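start.tsv follows (TSV, C-alpha atoms and all ligand atoms):
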chain	number	residue	atom	x	y	z
A	170	MET	CA	84.87	184.38	-50.20
A	171	GLU	CA	82.61	187.43	-50.01
A	172	ARG	CA	81.47	189.87	-47.33
A	173	THR	CA	78.12	191.59	-47.04
A	174	LEU	CA	76.40	194.06	-44.73
A	175	ILE	CA	73.32	192.91	-42.83
A	176	LEU	CA	71.19	195.15	-40.64
A	177	VAL	CA	68.52	193.97	-38.27
A	178	LYS	CA	66.28	197.00	-38.67
A	179	PRO	CA	64.56	198.72	-35.72
A	180	ASP	CA	61.39	196.60	-36.06
A	181	GLY	CA	63.51	193.45	-35.90
A	182	VAL	CA	65.29	194.68	-32.77
A	183	ARG	CA	61.99	195.76	-31.13
A	184	ARG	CA	60.51	192.34	-31.84
A	185	ALA	CA	63.55	190.56	-30.37
A	186	LEU	CA	64.45	188.85	-33.64
A	187	VAL	CA	68.18	189.67	-33.51
A	188	GLY	CA	69.17	186.21	-32.31
A	189	GLU	CA	66.88	184.50	-34.81
A	190	VAL	CA	68.35	186.45	-37.74
A	191	ILE	CA	71.95	185.75	-36.67
A	192	ARG	CA	71.10	182.10	-36.00
A	193	ARG	CA	69.81	181.62	-39.53
A	194	PHE	CA	72.89	183.10	-41.20
A	195	GLU	CA	75.25	181.14	-38.96
A	196	ALA	CA	73.32	177.92	-39.45
A	197	ARG	CA	73.58	178.39	-43.21
A	198	GLY	CA	77.37	178.55	-42.96
A	199	LEU	CA	77.95	182.30	-43.11
A	200	ARG	CA	80.48	183.55	-40.55
A	201	LEU	CA	80.09	186.67	-38.44
A	202	ALA	CA	83.05	189.00	-39.09
A	203	ALA	CA	81.69	192.07	-37.25
A	204	LEU	CA	78.71	192.88	-35.02
A	205	LYS	CA	77.42	195.95	-33.18
A	206	MET	CA	74.27	197.75	-32.05
A	207	VAL	CA	73.91	201.26	-33.43
A	208	LEU	CA	71.49	204.12	-32.89
A	209	ALA	CA	72.00	205.33	-36.44
A	210	GLY	CA	71.83	209.04	-37.15
A	211	LYS	CA	70.01	210.63	-40.08
A	212	ASP	CA	73.32	211.31	-41.92
A	213	LEU	CA	74.40	207.67	-41.86
A	214	VAL	CA	70.99	206.36	-42.92
A	215	GLU	CA	70.69	208.94	-45.72
A	216	LYS	CA	74.07	207.84	-47.08
A	217	HIS	CA	73.16	204.19	-46.69
A	218	TYR	CA	69.97	204.64	-48.73
A	219	GLU	CA	71.21	207.35	-51.12
A	220	GLU	CA	70.08	205.30	-54.15
A	221	HIS	CA	66.48	205.85	-52.96
A	222	ARG	CA	66.78	209.62	-52.39
A	223	GLU	CA	64.21	210.47	-55.10
A	224	LYS	CA	61.68	207.79	-54.11
A	225	PRO	CA	58.39	208.85	-52.51
A	226	PHE	CA	59.06	206.56	-49.53
A	227	TYR	CA	62.55	207.97	-48.80
A	228	GLY	CA	61.54	210.28	-45.93
A	229	SER	CA	59.53	207.58	-44.24
A	230	LEU	CA	62.35	205.05	-44.79
A	231	VAL	CA	64.91	207.32	-43.10
A	232	GLU	CA	62.50	207.89	-40.20
A	233	TYR	CA	61.97	204.14	-39.83
A	234	LEU	CA	65.70	203.35	-39.80
A	235	THR	CA	66.36	206.03	-37.18
A	236	SER	CA	63.37	205.07	-34.99
A	237	GLY	CA	65.44	202.82	-32.72
A	238	PRO	CA	68.64	200.83	-32.55
A	239	VAL	CA	69.71	198.61	-35.43
A	240	VAL	CA	72.07	195.67	-35.19
A	241	ALA	CA	74.70	195.89	-37.91
A	242	MET	CA	76.85	192.96	-38.92
A	243	VAL	CA	79.28	191.85	-41.55
A	244	ILE	CA	78.86	188.23	-42.55
A	245	GLU	CA	81.14	186.35	-44.87
A	246	GLY	CA	81.24	183.18	-46.89
A	247	PRO	CA	81.03	181.98	-50.45
A	248	ASN	CA	78.53	184.14	-52.37
A	249	ALA	CA	77.45	185.80	-49.12
A	250	VAL	CA	75.58	188.57	-50.97
A	251	GLN	CA	73.37	186.27	-53.02
A	252	ALA	CA	72.97	183.73	-50.23
A	253	SER	CA	71.82	186.32	-47.70
A	254	ARG	CA	69.46	188.05	-50.16
A	255	THR	CA	67.80	184.72	-50.93
A	256	MET	CA	67.43	184.00	-47.21
A	257	MET	CA	65.86	187.46	-46.63
A	258	GLY	CA	63.14	187.08	-49.26
A	259	ALA	CA	61.34	189.71	-51.35
A	260	THR	CA	61.40	193.37	-50.29
A	261	ASN	CA	57.62	193.34	-49.91
A	262	ALA	CA	57.28	190.92	-47.02
A	263	LEU	CA	53.73	190.14	-48.13
A	264	GLU	CA	55.23	188.53	-51.23
A	265	ALA	CA	58.25	186.98	-49.52
A	266	ALA	CA	58.30	183.19	-49.60
A	267	PRO	CA	57.71	181.25	-46.39
A	268	GLY	CA	61.05	180.05	-45.07
A	269	THR	CA	62.67	183.42	-45.74
A	270	ILE	CA	63.25	185.90	-42.91
A	271	ARG	CA	60.76	188.41	-44.29
A	272	GLY	CA	58.31	185.67	-45.29
A	273	ASP	CA	58.36	184.21	-41.80
A	274	PHE	CA	58.38	187.38	-39.68
A	275	ALA	CA	56.90	190.36	-41.57
A	276	LEU	CA	53.92	191.52	-43.62
A	277	SER	CA	54.91	195.04	-44.62
A	278	ILE	CA	56.79	196.47	-47.62
A	279	GLU	CA	58.55	198.97	-45.36
A	280	GLU	CA	58.98	197.28	-42.00
A	281	ASN	CA	60.65	194.13	-43.27
A	282	ILE	CA	63.08	193.23	-40.46
A	283	VAL	CA	66.38	193.08	-42.33
A	284	HIS	CA	68.64	194.84	-44.78
A	285	GLY	CA	71.21	193.01	-46.87
A	286	SER	CA	73.48	194.49	-49.54
A	287	ALA	CA	72.14	193.83	-53.04
A	288	THR	CA	75.43	193.43	-54.96
A	289	PRO	CA	79.10	192.85	-54.09
A	290	GLU	CA	79.80	196.51	-55.02
A	291	ASP	CA	77.01	197.73	-52.71
A	292	ALA	CA	78.38	195.42	-50.02
A	293	GLN	CA	81.85	197.00	-50.18
A	294	ARG	CA	80.41	200.51	-49.94
A	295	GLU	CA	77.98	199.64	-47.14
A	296	VAL	CA	80.47	197.67	-45.04
A	297	ALA	CA	82.84	200.66	-45.19
A	298	LEU	CA	79.99	203.02	-44.26
A	299	TRP	CA	78.98	201.10	-41.12
A	300	PHE	CA	82.31	199.65	-39.95
A	301	SER	CA	85.89	200.80	-39.65
A	302	PRO	CA	88.48	198.25	-40.81
A	303	ASP	CA	89.60	197.53	-37.22
A	304	GLU	CA	86.07	196.43	-36.28
A	305	ILE	CA	86.12	193.61	-38.83
A	306	VAL	CA	87.74	190.39	-37.66
A	307	SER	CA	89.21	188.08	-40.27
A	401	LIG	P1	65.71	195.79	-50.27
A	401	LIG	O1	65.76	196.15	-48.80
A	401	LIG	O2	65.01	194.48	-50.50
A	401	LIG	O3	67.05	195.88	-50.97
A	401	LIG	P2	65.03	198.31	-51.62
A	401	LIG	O4	64.23	198.40	-52.87
A	401	LIG	O5	66.49	198.58	-51.70
A	401	LIG	O6	64.74	196.85	-50.99
A	401	LIG	O7	64.36	199.29	-50.56
A	401	LIG	C1	65.01	199.61	-49.36
A	401	LIG	C2	64.02	199.57	-48.23
A	401	LIG	O8	63.05	200.61	-48.43
A	401	LIG	C3	63.16	198.30	-48.15
A	401	LIG	O9	63.80	197.24	-47.47
A	401	LIG	C4	61.95	198.79	-47.39
A	401	LIG	O10	62.21	198.93	-45.98
A	401	LIG	C5	61.77	200.19	-47.99
A	401	LIG	N1	60.87	200.20	-49.15
A	401	LIG	C6	61.11	199.72	-50.40
A	401	LIG	N2	60.10	199.92	-51.23
A	401	LIG	C7	59.16	200.59	-50.51
A	401	LIG	C8	57.85	201.10	-50.81
A	401	LIG	O11	57.35	201.00	-51.92
A	401	LIG	N3	57.18	201.72	-49.78
A	401	LIG	C9	57.72	201.86	-48.53
A	401	LIG	N4	58.94	201.40	-48.21
A	401	LIG	C10	59.65	200.77	-49.17
A	402	MG	MG	68.21	197.55	-51.42
Encoded form using structure tokens:
Amino acid sequence: MERTLILVKPDGVRRALVGEVIRRFEARGLRLAALKMVLAGKDLVEKHYEEHREKPFYGSLVEYLTSGPVVAMVIEGPNAVQASRTMMGATNALEAAPGTIRGDFALSIEENIVHGSATPEDAQREVALWFSPDEIVS
């Protein structure tokens, strides 16, 4: 059993893909353990993406993530991190395989609909960053 953090990013919310993203994870057998809509502040997003602080796209990335509400969720199941990453597809949506969320709904390397933790260690850190323990339902 594993938990991971998923965000429907502001472009996904604007394009009304929240239900579609949740539907796919649930249909696959991953269980929702927490769910909320958040207008994320700069501080939270900067912490979330701190690994990218030195990248040339960091400023633009933080602006994108704070450009509107995101829907944050914790999903759980066996190998939830790997399973959800595979379902999301490649970071560059142009290269994401059809059948993946990014491959079906996006074309951009930046505006790519969803975030999912990349490793179980990242997942632990990110779940704790976005949710307090009492918001997660076992
Ligand atoms: P991931 O979301 O697939 O884990 P990361 O490399 O962790 O990809 O990058 C985080 C986010 O930063 C991406 O989802 C995307 O929104 C954005 N991003 C990544 N690489 C680039 C880039 O080269 N240009 C612009 N935005 C990028
Ligand atoms: Mg990443």
**Request:** Go through the chains and note each residue within 6 Å of ligand LIG 401 (chain A), using only C-alpha atoms and all ligand atoms, then give the set as a list in words.
**Result:** Phe226, Leu230, Thr260, Ile278, Glu279, Glu280, Asn281, His284 and Ala287 of chain A
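Closest approach to Leu199 of chain A among A:Lys216, A:Arg184, A:Arg172, A:Lys178 is made by A:Arg172 (distances from all atoms listed in the file).
Counting all atoms listed in the file and comparing A:Gly258, A:Gly228, A:Gly237, A:Gly210, the residue that lies closest to ligand MG 402 (chain A) is A:Gly258.
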**Prompt:** At what distance in Å, to one decimal, does atom CA of Arg271 of chain A lie from atom CA of Arg192 of chain A?
**Reply:** 14.7 Å
**Asked** With all atoms listed in the file as the atoms that count, which of A:Val296, A:Arg193, A:Pro179, A:Tyr233 lies nearest to Val207 of chain A?
**Response** A:Pro179
**Message:** Which residues are near Ser253 of chain A? Cut-off 12 Å, all atoms listed in the file, ignore same chain within fewer than 6 positions. Put them as a VMD selection string.
**Reply:** chain A and resid 171 to 176 190 to 191 193 to 200 243 to 247 259 269 to 271 283 to 289 292
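Comparing the minimum interatomic distances between Thr235 of chain A and each of A:Asp273, A:Asp180, A:Arg254, A:Leu204, counting all atoms listed in the file, we find that A:Asp180 sits nearest.
Look at Leu276 of chain A: the protein and nucleic acid residues within 10 Å of it, using only C-alpha atoms and passing over chain neighbours fewer than 4 places away, are A:Asn261, A:Ala262, A:Leu263, A:Glu264, A:Ala265, A:Arg271, A:Gly272, A:Glu280, A:Asn281, A:Ile282.
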Could you write out the selected residues, including C-alpha atoms, as a PDB file, in the coordinates of the input?
ATOM      1  CA  ASN A 261      57.620 193.340 -49.910  1.00  0.00           C
ATOM      2  CA  ALA A 262      57.280 190.920 -47.020  1.00  0.00           C
ATOM      3  CA  LEU A 263      53.730 190.140 -48.130  1.00  0.00           C
ATOM      4  CA  GLU A 264      55.230 188.530 -51.230  1.00  0.00           C
ATOM      5  CA  ALA A 265      58.250 186.980 -49.520  1.00  0.00           C
ATOM      6  CA  ARG A 271      60.760 188.410 -44.290  1.00  0.00           C
ATOM      7  CA  GLY A 272      58.310 185.670 -45.290  1.00  0.00           C
ATOM      8  CA  GLU A 280      58.980 197.280 -42.000  1.00  0.00           C
ATOM      9  CA  ASN A 281      60.650 194.130 -43.270  1.00  0.00           C
ATOM     10  CA  ILE A 282      63.080 193.230 -40.460  1.00  0.00           C
TER      11      ILE A 282
END
**Request:** Work out how far apart atom CA of Leu208 of chain A and atom CA of Val239 of chain A are and give it in Å to one decimal.
**Result:** 6.3 Å
**Request:** Name all residues at most 6 Å from Val240 of chain A (count all atoms listed in the file; drop same-chain ones fewer than 5 positions away) and give them as a ChimeraX atom specification.
**Result:** /A:176-177,205-206
Please enclose the listed atoms of segment 270-276 of chain A in an axis-aligned box, pad each side by 4 Å, and write out the centre and the three edge lengths in Å, rounded to one decimal, as AutoDock Vina command-line options.
--center_x 58.6 --center_y 187.9 --center_z -42.5 --size_x 17.3 --size_y 15.3 --size_z 13.6
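Closest approach to Met257 of chain A among A:Tyr218, A:Tyr227, A:Phe300, A:Phe274 is made by A:Phe274 (distances from all atoms listed in the file).
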